[in-house]
$ cat target.pdb   # PDB, C-alpha atoms and all ligand atoms
ATOM      1  CA  MET K 726       0.000   0.000   0.000  1.00  0.00           C
ATOM      2  CA  ASP K 727       1.202   3.424  -0.914  1.00  0.00           C
ATOM      3  CA  ILE K 728      -0.117   5.848   1.732  1.00  0.00           C
ATOM      4  CA  CYS K 729      -0.155   9.542   0.976  1.00  0.00           C
ATOM      5  CA  VAL K 730      -1.117  11.867   3.834  1.00  0.00           C
ATOM      6  CA  VAL K 731      -2.346  15.331   2.887  1.00  0.00           C
ATOM      7  CA  LYS K 732      -3.498  18.325   4.895  1.00  0.00           C
ATOM      8  CA  ASP K 733      -7.258  18.325   4.424  1.00  0.00           C
ATOM      9  CA  TYR K 734     -10.278  17.383   2.308  1.00  0.00           C
ATOM     10  CA  GLU K 735      -9.463  19.944  -0.406  1.00  0.00           C
ATOM     11  CA  GLU K 736      -5.928  18.658  -0.857  1.00  0.00           C
ATOM     12  CA  MET K 737      -7.167  15.042  -0.856  1.00  0.00           C
ATOM     13  CA  SER K 738      -9.730  15.867  -3.552  1.00  0.00           C
ATOM     14  CA  LYS K 739      -7.155  17.639  -5.740  1.00  0.00           C
ATOM     15  CA  LYS K 740      -4.626  14.816  -5.441  1.00  0.00           C
ATOM     16  CA  ALA K 741      -7.250  12.148  -6.103  1.00  0.00           C
ATOM     17  CA  ALA K 742      -8.472  13.987  -9.217  1.00  0.00           C
ATOM     18  CA  ASP K 743      -4.875  14.270 -10.484  1.00  0.00           C
ATOM     19  CA  PHE K 744      -4.401  10.531  -9.887  1.00  0.00           C
ATOM     20  CA  ILE K 745      -7.573   9.678 -11.832  1.00  0.00           C
ATOM     21  CA  ALA K 746      -6.757  12.187 -14.592  1.00  0.00           C
ATOM     22  CA  ASP K 747      -3.372  10.515 -15.029  1.00  0.00           C
ATOM     23  CA  MET K 748      -5.118   7.170 -15.590  1.00  0.00           C
ATOM     24  CA  ILE K 749      -7.553   8.699 -18.110  1.00  0.00           C
ATOM     25  CA  VAL K 750      -4.730  10.348 -20.055  1.00  0.00           C
ATOM     26  CA  LYS K 751      -2.650   7.164 -20.106  1.00  0.00           C
ATOM     27  CA  LYS K 752      -5.599   4.895 -20.951  1.00  0.00           C
ATOM     28  CA  PRO K 753      -8.393   7.010 -22.487  1.00  0.00           C
ATOM     29  CA  ASP K 754     -10.449   3.921 -23.369  1.00  0.00           C
ATOM     30  CA  GLY K 755     -10.030   2.403 -19.888  1.00  0.00           C
ATOM     31  CA  VAL K 756     -12.576   1.332 -17.286  1.00  0.00           C
ATOM     32  CA  LEU K 757     -12.875   3.620 -14.274  1.00  0.00           C
ATOM     33  CA  GLY K 758     -14.593   2.302 -11.143  1.00  0.00           C
ATOM     34  CA  LEU K 759     -16.504   4.988  -9.255  1.00  0.00           C
ATOM     35  CA  ALA K 760     -17.899   5.482  -5.761  1.00  0.00           C
ATOM     36  CA  THR K 761     -20.637   7.576  -4.157  1.00  0.00           C
ATOM     37  CA  GLY K 762     -20.863   9.240  -0.734  1.00  0.00           C
ATOM     38  CA  SER K 763     -19.560  12.559   0.509  1.00  0.00           C
ATOM     39  CA  THR K 764     -15.881  11.618   0.181  1.00  0.00           C
ATOM     40  CA  PRO K 765     -15.538  11.686  -3.649  1.00  0.00           C
ATOM     41  CA  VAL K 766     -17.697  14.796  -4.239  1.00  0.00           C
ATOM     42  CA  GLY K 767     -14.667  17.140  -4.204  1.00  0.00           C
ATOM     43  CA  THR K 768     -12.732  14.763  -6.459  1.00  0.00           C
ATOM     44  CA  TYR K 769     -15.560  14.832  -9.014  1.00  0.00           C
ATOM     45  CA  LYS K 770     -15.675  18.663  -8.826  1.00  0.00           C
ATOM     46  CA  ASN K 771     -11.965  18.789  -9.656  1.00  0.00           C
ATOM     47  CA  LEU K 772     -12.406  16.342 -12.561  1.00  0.00           C
ATOM     48  CA  VAL K 773     -15.269  18.458 -13.955  1.00  0.00           C
ATOM     49  CA  SER K 774     -13.063  21.575 -13.703  1.00  0.00           C
ATOM     50  CA  MET K 775     -10.257  19.800 -15.584  1.00  0.00           C
ATOM     51  CA  TYR K 776     -12.752  18.769 -18.272  1.00  0.00           C
ATOM     52  CA  GLU K 777     -14.102  22.325 -18.555  1.00  0.00           C
ATOM     53  CA  ALA K 778     -10.547  23.631 -18.880  1.00  0.00           C
ATOM     54  CA  GLY K 779     -10.033  21.272 -21.836  1.00  0.00           C
ATOM     55  CA  LYS K 780      -7.506  19.116 -19.987  1.00  0.00           C
ATOM     56  CA  LEU K 781      -9.496  15.871 -19.874  1.00  0.00           C
ATOM     57  CA  ASP K 782     -11.484  13.865 -22.382  1.00  0.00           C
ATOM     58  CA  PHE K 783     -13.989  11.272 -21.112  1.00  0.00           C
ATOM     59  CA  SER K 784     -15.351  10.370 -24.540  1.00  0.00           C
ATOM     60  CA  ARG K 785     -13.719   6.929 -24.779  1.00  0.00           C
ATOM     61  CA  LEU K 786     -13.919   6.030 -21.093  1.00  0.00           C
ATOM     62  CA  THR K 787     -16.256   3.427 -19.538  1.00  0.00           C
ATOM     63  CA  THR K 788     -17.326   3.664 -15.884  1.00  0.00           C
ATOM     64  CA  VAL K 789     -18.647   1.082 -13.418  1.00  0.00           C
ATOM     65  CA  ASN K 790     -20.068   1.990 -10.019  1.00  0.00           C
ATOM     66  CA  LEU K 791     -19.717   0.014  -6.821  1.00  0.00           C
ATOM     67  CA  ASP K 792     -23.304  -0.165  -5.647  1.00  0.00           C
ATOM     68  CA  GLU K 793     -26.917   0.990  -5.712  1.00  0.00           C
ATOM     69  CA  TYR K 794     -29.907   0.957  -3.359  1.00  0.00           C
ATOM     70  CA  LYS K 795     -32.411  -1.780  -4.100  1.00  0.00           C
ATOM     71  CA  GLY K 796     -35.954  -0.522  -4.517  1.00  0.00           C
ATOM     72  CA  LEU K 797     -35.199   2.994  -5.786  1.00  0.00           C
ATOM     73  CA  LYS K 798     -35.989   4.060  -9.340  1.00  0.00           C
ATOM     74  CA  ARG K 799     -33.079   5.661 -11.173  1.00  0.00           C
ATOM     75  CA  SER K 800     -35.002   8.956 -11.193  1.00  0.00           C
ATOM     76  CA  HIS K 801     -35.147   9.006  -7.344  1.00  0.00           C
ATOM     77  CA  ASP K 802     -32.949  11.836  -6.083  1.00  0.00           C
ATOM     78  CA  GLN K 803     -31.298   9.514  -3.514  1.00  0.00           C
ATOM     79  CA  SER K 804     -30.383   6.803  -6.026  1.00  0.00           C
ATOM     80  CA  TYR K 805     -26.690   6.478  -6.770  1.00  0.00           C
ATOM     81  CA  TYR K 806     -27.586   6.726 -10.467  1.00  0.00           C
ATOM     82  CA  PHE K 807     -28.967  10.206  -9.733  1.00  0.00           C
ATOM     83  CA  PHE K 808     -25.915  11.086  -7.591  1.00  0.00           C
ATOM     84  CA  MET K 809     -23.476  10.134 -10.341  1.00  0.00           C
ATOM     85  CA  HIS K 810     -25.347  12.155 -12.962  1.00  0.00           C
ATOM     86  CA  ASP K 811     -25.603  15.119 -10.625  1.00  0.00           C
ATOM     87  CA  ASN K 812     -21.945  15.082  -9.563  1.00  0.00           C
ATOM     88  CA  LEU K 813     -20.124  13.894 -12.686  1.00  0.00           C
ATOM     89  CA  PHE K 814     -21.851  12.301 -15.671  1.00  0.00           C
ATOM     90  CA  ASP K 815     -23.973  15.314 -16.692  1.00  0.00           C
ATOM     91  CA  HIS K 816     -20.962  17.629 -16.618  1.00  0.00           C
ATOM     92  CA  VAL K 817     -18.403  15.763 -18.750  1.00  0.00           C
ATOM     93  CA  ASN K 818     -18.384  14.140 -22.194  1.00  0.00           C
ATOM     94  CA  LEU K 819     -18.913  10.516 -21.139  1.00  0.00           C
ATOM     95  CA  ARG K 820     -20.991   8.593 -23.683  1.00  0.00           C
ATOM     96  CA  PRO K 821     -24.502   8.019 -22.267  1.00  0.00           C
ATOM     97  CA  ASP K 822     -24.184   4.252 -22.786  1.00  0.00           C
ATOM     98  CA  ALA K 823     -20.715   3.966 -21.225  1.00  0.00           C
ATOM     99  CA  SER K 824     -21.602   4.209 -17.520  1.00  0.00           C
ATOM    100  CA  PHE K 825     -22.856   1.224 -15.555  1.00  0.00           C
ATOM    101  CA  LEU K 826     -24.428   0.830 -12.109  1.00  0.00           C
ATOM    102  CA  PRO K 827     -26.517  -2.010 -10.702  1.00  0.00           C
ATOM    103  CA  ASP K 828     -30.193  -1.273 -11.419  1.00  0.00           C
ATOM    104  CA  GLY K 829     -31.933  -0.840  -8.062  1.00  0.00           C
ATOM    105  CA  SER K 830     -35.366  -0.912  -9.665  1.00  0.00           C
ATOM    106  CA  LYS K 831     -34.884  -4.584 -10.579  1.00  0.00           C
ATOM    107  CA  ASP K 832     -36.666  -6.773  -7.997  1.00  0.00           C
ATOM    108  CA  ASP K 833     -34.971 -10.045  -8.871  1.00  0.00           C
ATOM    109  CA  ALA K 834     -31.801  -9.651  -6.831  1.00  0.00           C
ATOM    110  CA  GLU K 835     -30.086 -12.798  -8.028  1.00  0.00           C
ATOM    111  CA  SER K 836     -30.599 -12.044 -11.686  1.00  0.00           C
ATOM    112  CA  GLU K 837     -29.599  -8.363 -11.362  1.00  0.00           C
ATOM    113  CA  CYS K 838     -26.447  -9.162  -9.345  1.00  0.00           C
ATOM    114  CA  LYS K 839     -25.388 -11.872 -11.808  1.00  0.00           C
ATOM    115  CA  ALA K 840     -26.036  -9.537 -14.747  1.00  0.00           C
ATOM    116  CA  TYR K 841     -23.984  -6.758 -13.146  1.00  0.00           C
ATOM    117  CA  GLU K 842     -21.077  -9.041 -12.299  1.00  0.00           C
ATOM    118  CA  ARG K 843     -21.131 -10.330 -15.904  1.00  0.00           C
ATOM    119  CA  LYS K 844     -21.103  -6.779 -17.219  1.00  0.00           C
ATOM    120  CA  VAL K 845     -18.106  -5.747 -15.096  1.00  0.00           C
ATOM    121  CA  ALA K 846     -16.300  -8.993 -16.021  1.00  0.00           C
ATOM    122  CA  SER K 847     -17.010  -8.465 -19.727  1.00  0.00           C
ATOM    123  CA  LEU K 848     -15.312  -5.074 -19.462  1.00  0.00           C
ATOM    124  CA  GLY K 849     -12.251  -6.762 -17.933  1.00  0.00           C
ATOM    125  CA  TYR K 850     -12.925  -5.234 -14.468  1.00  0.00           C
ATOM    126  CA  ALA K 851     -11.784  -1.727 -13.520  1.00  0.00           C
ATOM    127  CA  ASP K 852      -8.391  -0.384 -14.543  1.00  0.00           C
ATOM    128  CA  LEU K 853      -8.699   1.900 -11.531  1.00  0.00           C
ATOM    129  CA  GLN K 854     -11.311   1.548  -8.778  1.00  0.00           C
ATOM    130  CA  LEU K 855     -12.034   4.572  -6.589  1.00  0.00           C
ATOM    131  CA  LEU K 856     -13.211   3.754  -3.045  1.00  0.00           C
ATOM    132  CA  GLY K 857     -14.428   5.605   0.015  1.00  0.00           C
ATOM    133  CA  ILE K 858     -14.389   3.828   3.365  1.00  0.00           C
ATOM    134  CA  GLY K 859     -17.065   3.494   6.025  1.00  0.00           C
ATOM    135  CA  ARG K 860     -16.351   4.173   9.695  1.00  0.00           C
ATOM    136  CA  ASN K 861     -16.544   0.411  10.242  1.00  0.00           C
ATOM    137  CA  GLY K 862     -14.146  -0.255   7.346  1.00  0.00           C
ATOM    138  CA  HIS K 863     -16.822  -1.113   4.791  1.00  0.00           C
ATOM    139  CA  ILE K 864     -16.131  -0.692   1.069  1.00  0.00           C
ATOM    140  CA  GLY K 865     -19.034  -0.419  -1.341  1.00  0.00           C
ATOM    141  CA  PHE K 866     -21.846  -1.889   0.744  1.00  0.00           C
ATOM    142  CA  ASN K 867     -19.640  -4.757   1.967  1.00  0.00           C
ATOM    143  CA  GLU K 868     -20.264  -4.449   5.692  1.00  0.00           C
ATOM    144  CA  PRO K 869     -18.246  -6.272   8.397  1.00  0.00           C
ATOM    145  CA  ALA K 870     -19.159  -9.965   8.129  1.00  0.00           C
ATOM    146  CA  ASP K 871     -17.939 -13.484   8.829  1.00  0.00           C
ATOM    147  CA  ASP K 872     -16.717 -13.966   5.255  1.00  0.00           C
ATOM    148  CA  PHE K 873     -15.584 -11.840   2.337  1.00  0.00           C
ATOM    149  CA  ALA K 874     -18.371 -11.803  -0.279  1.00  0.00           C
ATOM    150  CA  VAL K 875     -16.860 -12.597  -3.644  1.00  0.00           C
ATOM    151  CA  ALA K 876     -19.164 -11.307  -6.369  1.00  0.00           C
ATOM    152  CA  THR K 877     -21.912  -8.697  -6.762  1.00  0.00           C
ATOM    153  CA  HIS K 878     -24.644  -9.490  -4.263  1.00  0.00           C
ATOM    154  CA  CYS K 879     -27.641  -8.111  -2.408  1.00  0.00           C
ATOM    155  CA  VAL K 880     -27.033  -6.906   1.157  1.00  0.00           C
ATOM    156  CA  ASN K 881     -29.383  -6.077   4.001  1.00  0.00           C
ATOM    157  CA  LEU K 882     -28.443  -2.631   5.266  1.00  0.00           C
ATOM    158  CA  THR K 883     -27.563  -2.477   8.941  1.00  0.00           C
ATOM    159  CA  GLU K 884     -29.775  -0.603  11.402  1.00  0.00           C
ATOM    160  CA  SER K 885     -27.065   2.026  11.831  1.00  0.00           C
ATOM    161  CA  THR K 886     -26.766   2.595   8.063  1.00  0.00           C
ATOM    162  CA  ILE K 887     -30.545   2.930   7.757  1.00  0.00           C
ATOM    163  CA  ASP K 888     -30.556   5.322  10.704  1.00  0.00           C
ATOM    164  CA  ALA K 889     -27.663   7.360   9.251  1.00  0.00           C
ATOM    165  CA  ASN K 890     -29.447   7.631   5.904  1.00  0.00           C
ATOM    166  CA  LYS K 891     -32.879   8.607   7.175  1.00  0.00           C
ATOM    167  CA  ARG K 892     -32.002  12.305   6.990  1.00  0.00           C
ATOM    168  CA  PHE K 893     -32.112  12.074   3.178  1.00  0.00           C
ATOM    169  CA  PHE K 894     -35.648  10.635   3.097  1.00  0.00           C
ATOM    170  CA  ALA K 895     -39.124  11.832   4.124  1.00  0.00           C
ATOM    171  CA  SER K 896     -39.305   9.140   6.825  1.00  0.00           C
ATOM    172  CA  ILE K 897     -37.306   6.149   8.033  1.00  0.00           C
ATOM    173  CA  ASP K 898     -39.826   3.881   6.268  1.00  0.00           C
ATOM    174  CA  ASP K 899     -38.728   5.343   2.931  1.00  0.00           C
ATOM    175  CA  VAL K 900     -35.062   4.418   3.474  1.00  0.00           C
ATOM    176  CA  PRO K 901     -34.147   1.385   1.336  1.00  0.00           C
ATOM    177  CA  LYS K 902     -33.453  -1.710   3.424  1.00  0.00           C
ATOM    178  CA  GLN K 903     -31.261  -3.448   0.859  1.00  0.00           C
ATOM    179  CA  ALA K 904     -28.618  -2.639  -1.724  1.00  0.00           C
ATOM    180  CA  TYR K 905     -26.774  -4.293  -4.598  1.00  0.00           C
ATOM    181  CA  THR K 906     -23.001  -4.083  -4.284  1.00  0.00           C
ATOM    182  CA  MET K 907     -19.900  -5.331  -6.029  1.00  0.00           C
ATOM    183  CA  GLY K 908     -18.321  -8.042  -3.900  1.00  0.00           C
ATOM    184  CA  ILE K 909     -14.886  -7.862  -2.353  1.00  0.00           C
ATOM    185  CA  GLY K 910     -13.733 -10.191  -5.148  1.00  0.00           C
ATOM    186  CA  THR K 911     -15.076  -7.822  -7.823  1.00  0.00           C
ATOM    187  CA  ILE K 912     -13.244  -4.901  -6.205  1.00  0.00           C
ATOM    188  CA  MET K 913     -10.008  -6.887  -5.787  1.00  0.00           C
ATOM    189  CA  LYS K 914      -9.989  -7.690  -9.522  1.00  0.00           C
ATOM    190  CA  ALA K 915      -9.455  -3.999 -10.305  1.00  0.00           C
ATOM    191  CA  LYS K 916      -5.922  -3.470 -11.596  1.00  0.00           C
ATOM    192  CA  ARG K 917      -5.354  -0.465  -9.366  1.00  0.00           C
ATOM    193  CA  ILE K 918      -7.259   0.827  -6.352  1.00  0.00           C
ATOM    194  CA  LEU K 919      -7.438   4.361  -4.994  1.00  0.00           C
ATOM    195  CA  ILE K 920      -8.999   4.721  -1.563  1.00  0.00           C
ATOM    196  CA  LEU K 921      -9.822   8.090  -0.023  1.00  0.00           C
ATOM    197  CA  ALA K 922     -10.522   9.070   3.569  1.00  0.00           C
ATOM    198  CA  SER K 923     -11.040  12.422   5.242  1.00  0.00           C
ATOM    199  CA  GLY K 924     -11.835  13.342   8.833  1.00  0.00           C
ATOM    200  CA  ALA K 925     -11.235  11.969  12.313  1.00  0.00           C
ATOM    201  CA  ASP K 926     -14.283   9.704  12.120  1.00  0.00           C
ATOM    202  CA  LYS K 927     -12.383   7.614   9.540  1.00  0.00           C
ATOM    203  CA  ALA K 928      -9.177   7.340  11.631  1.00  0.00           C
ATOM    204  CA  GLU K 929     -10.046   4.007  13.252  1.00  0.00           C
ATOM    205  CA  ALA K 930     -11.035   2.501   9.887  1.00  0.00           C
ATOM    206  CA  ILE K 931      -7.784   3.663   8.241  1.00  0.00           C
ATOM    207  CA  LYS K 932      -5.659   2.327  11.075  1.00  0.00           C
ATOM    208  CA  ASN K 933      -7.400  -1.062  11.101  1.00  0.00           C
ATOM    209  CA  SER K 934      -7.523  -1.360   7.312  1.00  0.00           C
ATOM    210  CA  CYS K 935      -3.903  -0.406   6.624  1.00  0.00           C
ATOM    211  CA  PHE K 936      -2.133  -1.830   9.669  1.00  0.00           C
ATOM    212  CA  GLY K 937      -4.502  -4.278  11.380  1.00  0.00           C
ATOM    213  CA  PRO K 938      -5.061  -7.961  10.663  1.00  0.00           C
ATOM    214  CA  VAL K 939      -6.763  -8.854   7.383  1.00  0.00           C
ATOM    215  CA  THR K 940     -10.274  -9.885   8.398  1.00  0.00           C
ATOM    216  CA  PRO K 941     -13.822  -9.722   6.985  1.00  0.00           C
ATOM    217  CA  LYS K 942     -14.691  -7.858  10.208  1.00  0.00           C
ATOM    218  CA  VAL K 943     -12.822  -4.923   8.587  1.00  0.00           C
ATOM    219  CA  PRO K 944     -13.658  -5.379   4.885  1.00  0.00           C
ATOM    220  CA  ALA K 945     -11.095  -2.804   3.624  1.00  0.00           C
ATOM    221  CA  SER K 946      -8.268  -4.716   5.339  1.00  0.00           C
ATOM    222  CA  ILE K 947      -8.319  -7.133   2.361  1.00  0.00           C
ATOM    223  CA  LEU K 948      -6.734  -4.327   0.321  1.00  0.00           C
ATOM    224  CA  GLN K 949      -3.420  -5.155   2.058  1.00  0.00           C
ATOM    225  CA  PHE K 950      -3.356  -8.209  -0.256  1.00  0.00           C
ATOM    226  CA  HIS K 951      -3.855  -6.158  -3.449  1.00  0.00           C
ATOM    227  CA  PRO K 952      -0.622  -5.400  -5.334  1.00  0.00           C
ATOM    228  CA  ASP K 953      -1.451  -1.808  -6.340  1.00  0.00           C
ATOM    229  CA  VAL K 954      -3.327   0.249  -3.752  1.00  0.00           C
ATOM    230  CA  THR K 955      -2.923   3.963  -3.105  1.00  0.00           C
ATOM    231  CA  VAL K 956      -4.461   5.517  -0.008  1.00  0.00           C
ATOM    232  CA  ILE K 957      -4.921   9.283  -0.004  1.00  0.00           C
ATOM    233  CA  CYS K 958      -6.064  10.449   3.405  1.00  0.00           C
ATOM    234  CA  ASP K 959      -5.930  13.678   5.312  1.00  0.00           C
ATOM    235  CA  GLU K 960      -4.087  14.218   8.577  1.00  0.00           C
ATOM    236  CA  ALA K 961      -7.234  13.689  10.660  1.00  0.00           C
ATOM    237  CA  ALA K 962      -7.968  10.324   9.014  1.00  0.00           C
ATOM    238  CA  TYR K 963      -4.333   9.284   9.493  1.00  0.00           C
ATOM    239  CA  SER K 964      -4.116  10.539  13.086  1.00  0.00           C
ATOM    240  CA  LEU K 965      -4.289   7.106  14.795  1.00  0.00           C
ATOM    241  CA  CYS K 966      -1.540   5.622  12.571  1.00  0.00           C
ATOM    242  CA  LYS K 967       1.285   7.676  14.038  1.00  0.00           C
TER
HETATM  243  P1  LIG K1001     -18.842   8.816   2.963  1.00  0.00           P
HETATM  244  O1  LIG K1001     -19.124   7.264   2.859  1.00  0.00           O
HETATM  245  O2  LIG K1001     -17.960   9.158   1.799  1.00  0.00           O
HETATM  246  O3  LIG K1001     -20.191   9.467   2.848  1.00  0.00           O
HETATM  247  O4  LIG K1001     -18.155   9.037   4.271  1.00  0.00           O
HETATM  248  C1  LIG K1001     -18.051   6.428   2.577  1.00  0.00           C
HETATM  249  C2  LIG K1001     -18.546   5.014   2.511  1.00  0.00           C
HETATM  250  O5  LIG K1001     -19.454   4.683   3.290  1.00  0.00           O
HETATM  251  O6  LIG K1001     -18.004   4.238   1.719  1.00  0.00           O
END

$ encode --input "target.pdb" --output "C-alpha cells" --more "lines below"
Ligand code: PGA
Amino acid sequence: MDICVVKDYEEMSKKAADFIADMIVKKPDGVLGLATGSTPVGTYKNLVSMYEAGKLDFSRLTTVNLDEYKGLKRSHDQSYYFFMHDNLFDHVNLRPDASFLPDGSKDDAESECKAYERKVASLGYADLQLLGIGRNGHIGFNEPADDFAVATHCVNLTESTIDANKRFFASIDDVPKQAYTMGIGTIMKAKRILILASGADKAEAIKNSCFGPVTPKVPASILQFHPDVTVICDEAAYSLCK
C-alpha cells in the first residue's frame, strides 16, 4: 500500500483527481470504477473543472459503479444513479451508454447481481477503482461480516446505516433496506485501487484497514493483499496511525 497523507479534504480531492486524470490520459479507453458518498464529491468537482478547462477527455472512457440501493428508481434523487449524474456524468463528455451501475429498480436480486457481475467482467474489471471507506471499514456496501463476499450481491443494510441515511428521506420507512453491491472479489480484480478518507471519524477505519489484521470484520483490510493500492487520506484520518 502506498499511503499519501495530505493536509485536508481539499488537498485530498485535488490529489485524487490528479491521480484519476493521469489514468484517463494514459488509458483514455479504460474502465474507471466509481464510488458515491460525501468523500468523492470534491474529487468529481476537480475532474469536472479539468474537463471544462479542456484538460481531460472522457469520450472513450467506460465507468462502473460500486453499488446501488435496491428498490429505488433511477429517477429518485437519492439513487446512486442520480448522484453520479448530478456530480459527474452530466458535466463531462462521457458517452450516455458507457456508464454502468446495478439497477436498483430490478426486484430479482439474483438475476440483477449476476447480470452486473457479468457486465463488469465483460469489461475486464476496472483499470482503476475509486473507493471511500465506512467508519466500520466497509467498502461499497460490503459491511463487516464473517466472510468476504466474492461477487456482486444483495445486502441487508444495517440498522445504523438505515438510521444514518434517514435524513435524506421523508421518513425512516422510505429508506431502502437493501442494496446491490460489487463483492470484495469484484473490487479486488481492479488493476489499481485508490482509496480516499477524510476526517477523524475515519481514523479508526484507516488504522485497522492499513495496519490491522486482514479480516472480513474490517472489509477494507483485504486491500493489504492487493498489489497496487494507493491511499490518499488527510491528517485527521491518518491521526491514529502515528
Ligand atoms: P462517505 O461514505 O464518503 O459518505 O463518508 C463512505 C462510505 O461509506 O463508503

$ residues_around --input "target.pdb" --residues "K:Glu960" --least-positions-apart "5" --cutoff "10 Å" --atoms "only C-alpha atoms" --output "list in words"
Cys729, Val730, Val731, Lys732, Asp733, Tyr734, Met737, Ala922, Ser923, Gly924, Ala925, Ala928, Leu965 and Cys966 of chain K

$ closest_residue --input "target.pdb" --among "K:Tyr805, K:Phe814, K:Phe936, K:Phe873" --to "ligand LIG 1001 (chain K)" --atoms "all atoms listed in the file"
K:Tyr805

$ residues_near_ligand --input "target.pdb" --ligand "ligand LIG 1001 (chain K)" --cutoff "7 Å" --atoms "only C-alpha atoms and all ligand atoms" --output "list in words"
Thr761, Gly762, Ser763, Thr764, Pro765, Leu856, Gly857, Ile858, Gly859, His863, Ile864 and Gly865 of chain K

$ axis_aligned_box --input "target.pdb" --around "stretch 856-875 of chain K" --padding-each-side "4 Å" --output "lines of an AutoDock Vina configuration file"
center_x = -17.5
center_y = -4.2
center_z = 3.3
size_x = 16.6
size_y = 27.6
size_z = 21.9

$ atom_distance --input "target.pdb" --atom1 "atom CA of K:Thr940" --atom2 "atom CA of K:Leu757"
26.5 Å

$ build_atoms --input "target.pdb" --residues "stretch 852-858 of chain K" --atoms "all heavy atoms" --output "PDB file, in the coordinates of the input"
ATOM      1  N   ASP K 852      -9.834  -0.693 -14.491  1.00  0.00           N
ATOM      2  CA  ASP K 852      -8.391  -0.384 -14.543  1.00  0.00           C
ATOM      3  C   ASP K 852      -7.994   0.354 -13.269  1.00  0.00           C
ATOM      4  O   ASP K 852      -6.894   0.185 -12.757  1.00  0.00           O
ATOM      5  CB  ASP K 852      -8.092   0.495 -15.766  1.00  0.00           C
ATOM      6  CG  ASP K 852      -8.230  -0.301 -17.048  1.00  0.00           C
ATOM      7  OD1 ASP K 852      -7.413  -1.215 -17.247  1.00  0.00           O
ATOM      8  OD2 ASP K 852      -9.177  -0.047 -17.816  1.00  0.00           O
ATOM      9  N   LEU K 853      -8.914   1.193 -12.801  1.00  0.00           N
ATOM     10  CA  LEU K 853      -8.699   1.900 -11.531  1.00  0.00           C
ATOM     11  C   LEU K 853     -10.037   1.960 -10.809  1.00  0.00           C
ATOM     12  O   LEU K 853     -11.031   2.399 -11.385  1.00  0.00           O
ATOM     13  CB  LEU K 853      -8.191   3.326 -11.795  1.00  0.00           C
ATOM     14  CG  LEU K 853      -8.090   4.237 -10.568  1.00  0.00           C
ATOM     15  CD1 LEU K 853      -7.073   3.712  -9.568  1.00  0.00           C
ATOM     16  CD2 LEU K 853      -7.738   5.663 -10.977  1.00  0.00           C
ATOM     17  N   GLN K 854     -10.079   1.500  -9.574  1.00  0.00           N
ATOM     18  CA  GLN K 854     -11.311   1.548  -8.778  1.00  0.00           C
ATOM     19  C   GLN K 854     -11.139   2.573  -7.661  1.00  0.00           C
ATOM     20  O   GLN K 854     -10.227   2.463  -6.835  1.00  0.00           O
ATOM     21  CB  GLN K 854     -11.633   0.179  -8.176  1.00  0.00           C
ATOM     22  CG  GLN K 854     -12.853   0.162  -7.271  1.00  0.00           C
ATOM     23  CD  GLN K 854     -14.165   0.447  -8.015  1.00  0.00           C
ATOM     24  OE1 GLN K 854     -14.492  -0.231  -8.983  1.00  0.00           O
ATOM     25  NE2 GLN K 854     -14.914   1.456  -7.568  1.00  0.00           N
ATOM     26  N   LEU K 855     -12.011   3.567  -7.656  1.00  0.00           N
ATOM     27  CA  LEU K 855     -12.034   4.572  -6.589  1.00  0.00           C
ATOM     28  C   LEU K 855     -12.913   4.054  -5.449  1.00  0.00           C
ATOM     29  O   LEU K 855     -14.005   3.529  -5.690  1.00  0.00           O
ATOM     30  CB  LEU K 855     -12.625   5.866  -7.161  1.00  0.00           C
ATOM     31  CG  LEU K 855     -12.835   7.030  -6.198  1.00  0.00           C
ATOM     32  CD1 LEU K 855     -11.507   7.538  -5.645  1.00  0.00           C
ATOM     33  CD2 LEU K 855     -13.583   8.166  -6.910  1.00  0.00           C
ATOM     34  N   LEU K 856     -12.442   4.212  -4.210  1.00  0.00           N
ATOM     35  CA  LEU K 856     -13.211   3.754  -3.045  1.00  0.00           C
ATOM     36  C   LEU K 856     -13.256   4.832  -1.965  1.00  0.00           C
ATOM     37  O   LEU K 856     -12.247   5.519  -1.730  1.00  0.00           O
ATOM     38  CB  LEU K 856     -12.563   2.524  -2.406  1.00  0.00           C
ATOM     39  CG  LEU K 856     -12.445   1.225  -3.191  1.00  0.00           C
ATOM     40  CD1 LEU K 856     -11.664   0.198  -2.374  1.00  0.00           C
ATOM     41  CD2 LEU K 856     -13.821   0.691  -3.552  1.00  0.00           C
ATOM     42  N   GLY K 857     -14.387   4.944  -1.281  1.00  0.00           N
ATOM     43  CA  GLY K 857     -14.428   5.605   0.015  1.00  0.00           C
ATOM     44  C   GLY K 857     -14.329   4.501   1.056  1.00  0.00           C
ATOM     45  O   GLY K 857     -14.178   3.322   0.718  1.00  0.00           O
ATOM     46  N   ILE K 858     -14.419   4.852   2.305  1.00  0.00           N
ATOM     47  CA  ILE K 858     -14.389   3.828   3.365  1.00  0.00           C
ATOM     48  C   ILE K 858     -15.397   4.212   4.442  1.00  0.00           C
ATOM     49  O   ILE K 858     -15.518   5.391   4.798  1.00  0.00           O
ATOM     50  CB  ILE K 858     -12.953   3.664   3.925  1.00  0.00           C
ATOM     51  CG1 ILE K 858     -12.885   2.531   4.948  1.00  0.00           C
ATOM     52  CG2 ILE K 858     -12.416   4.963   4.520  1.00  0.00           C
ATOM     53  CD1 ILE K 858     -11.454   2.120   5.315  1.00  0.00           C
TER      54      ILE K 858
END
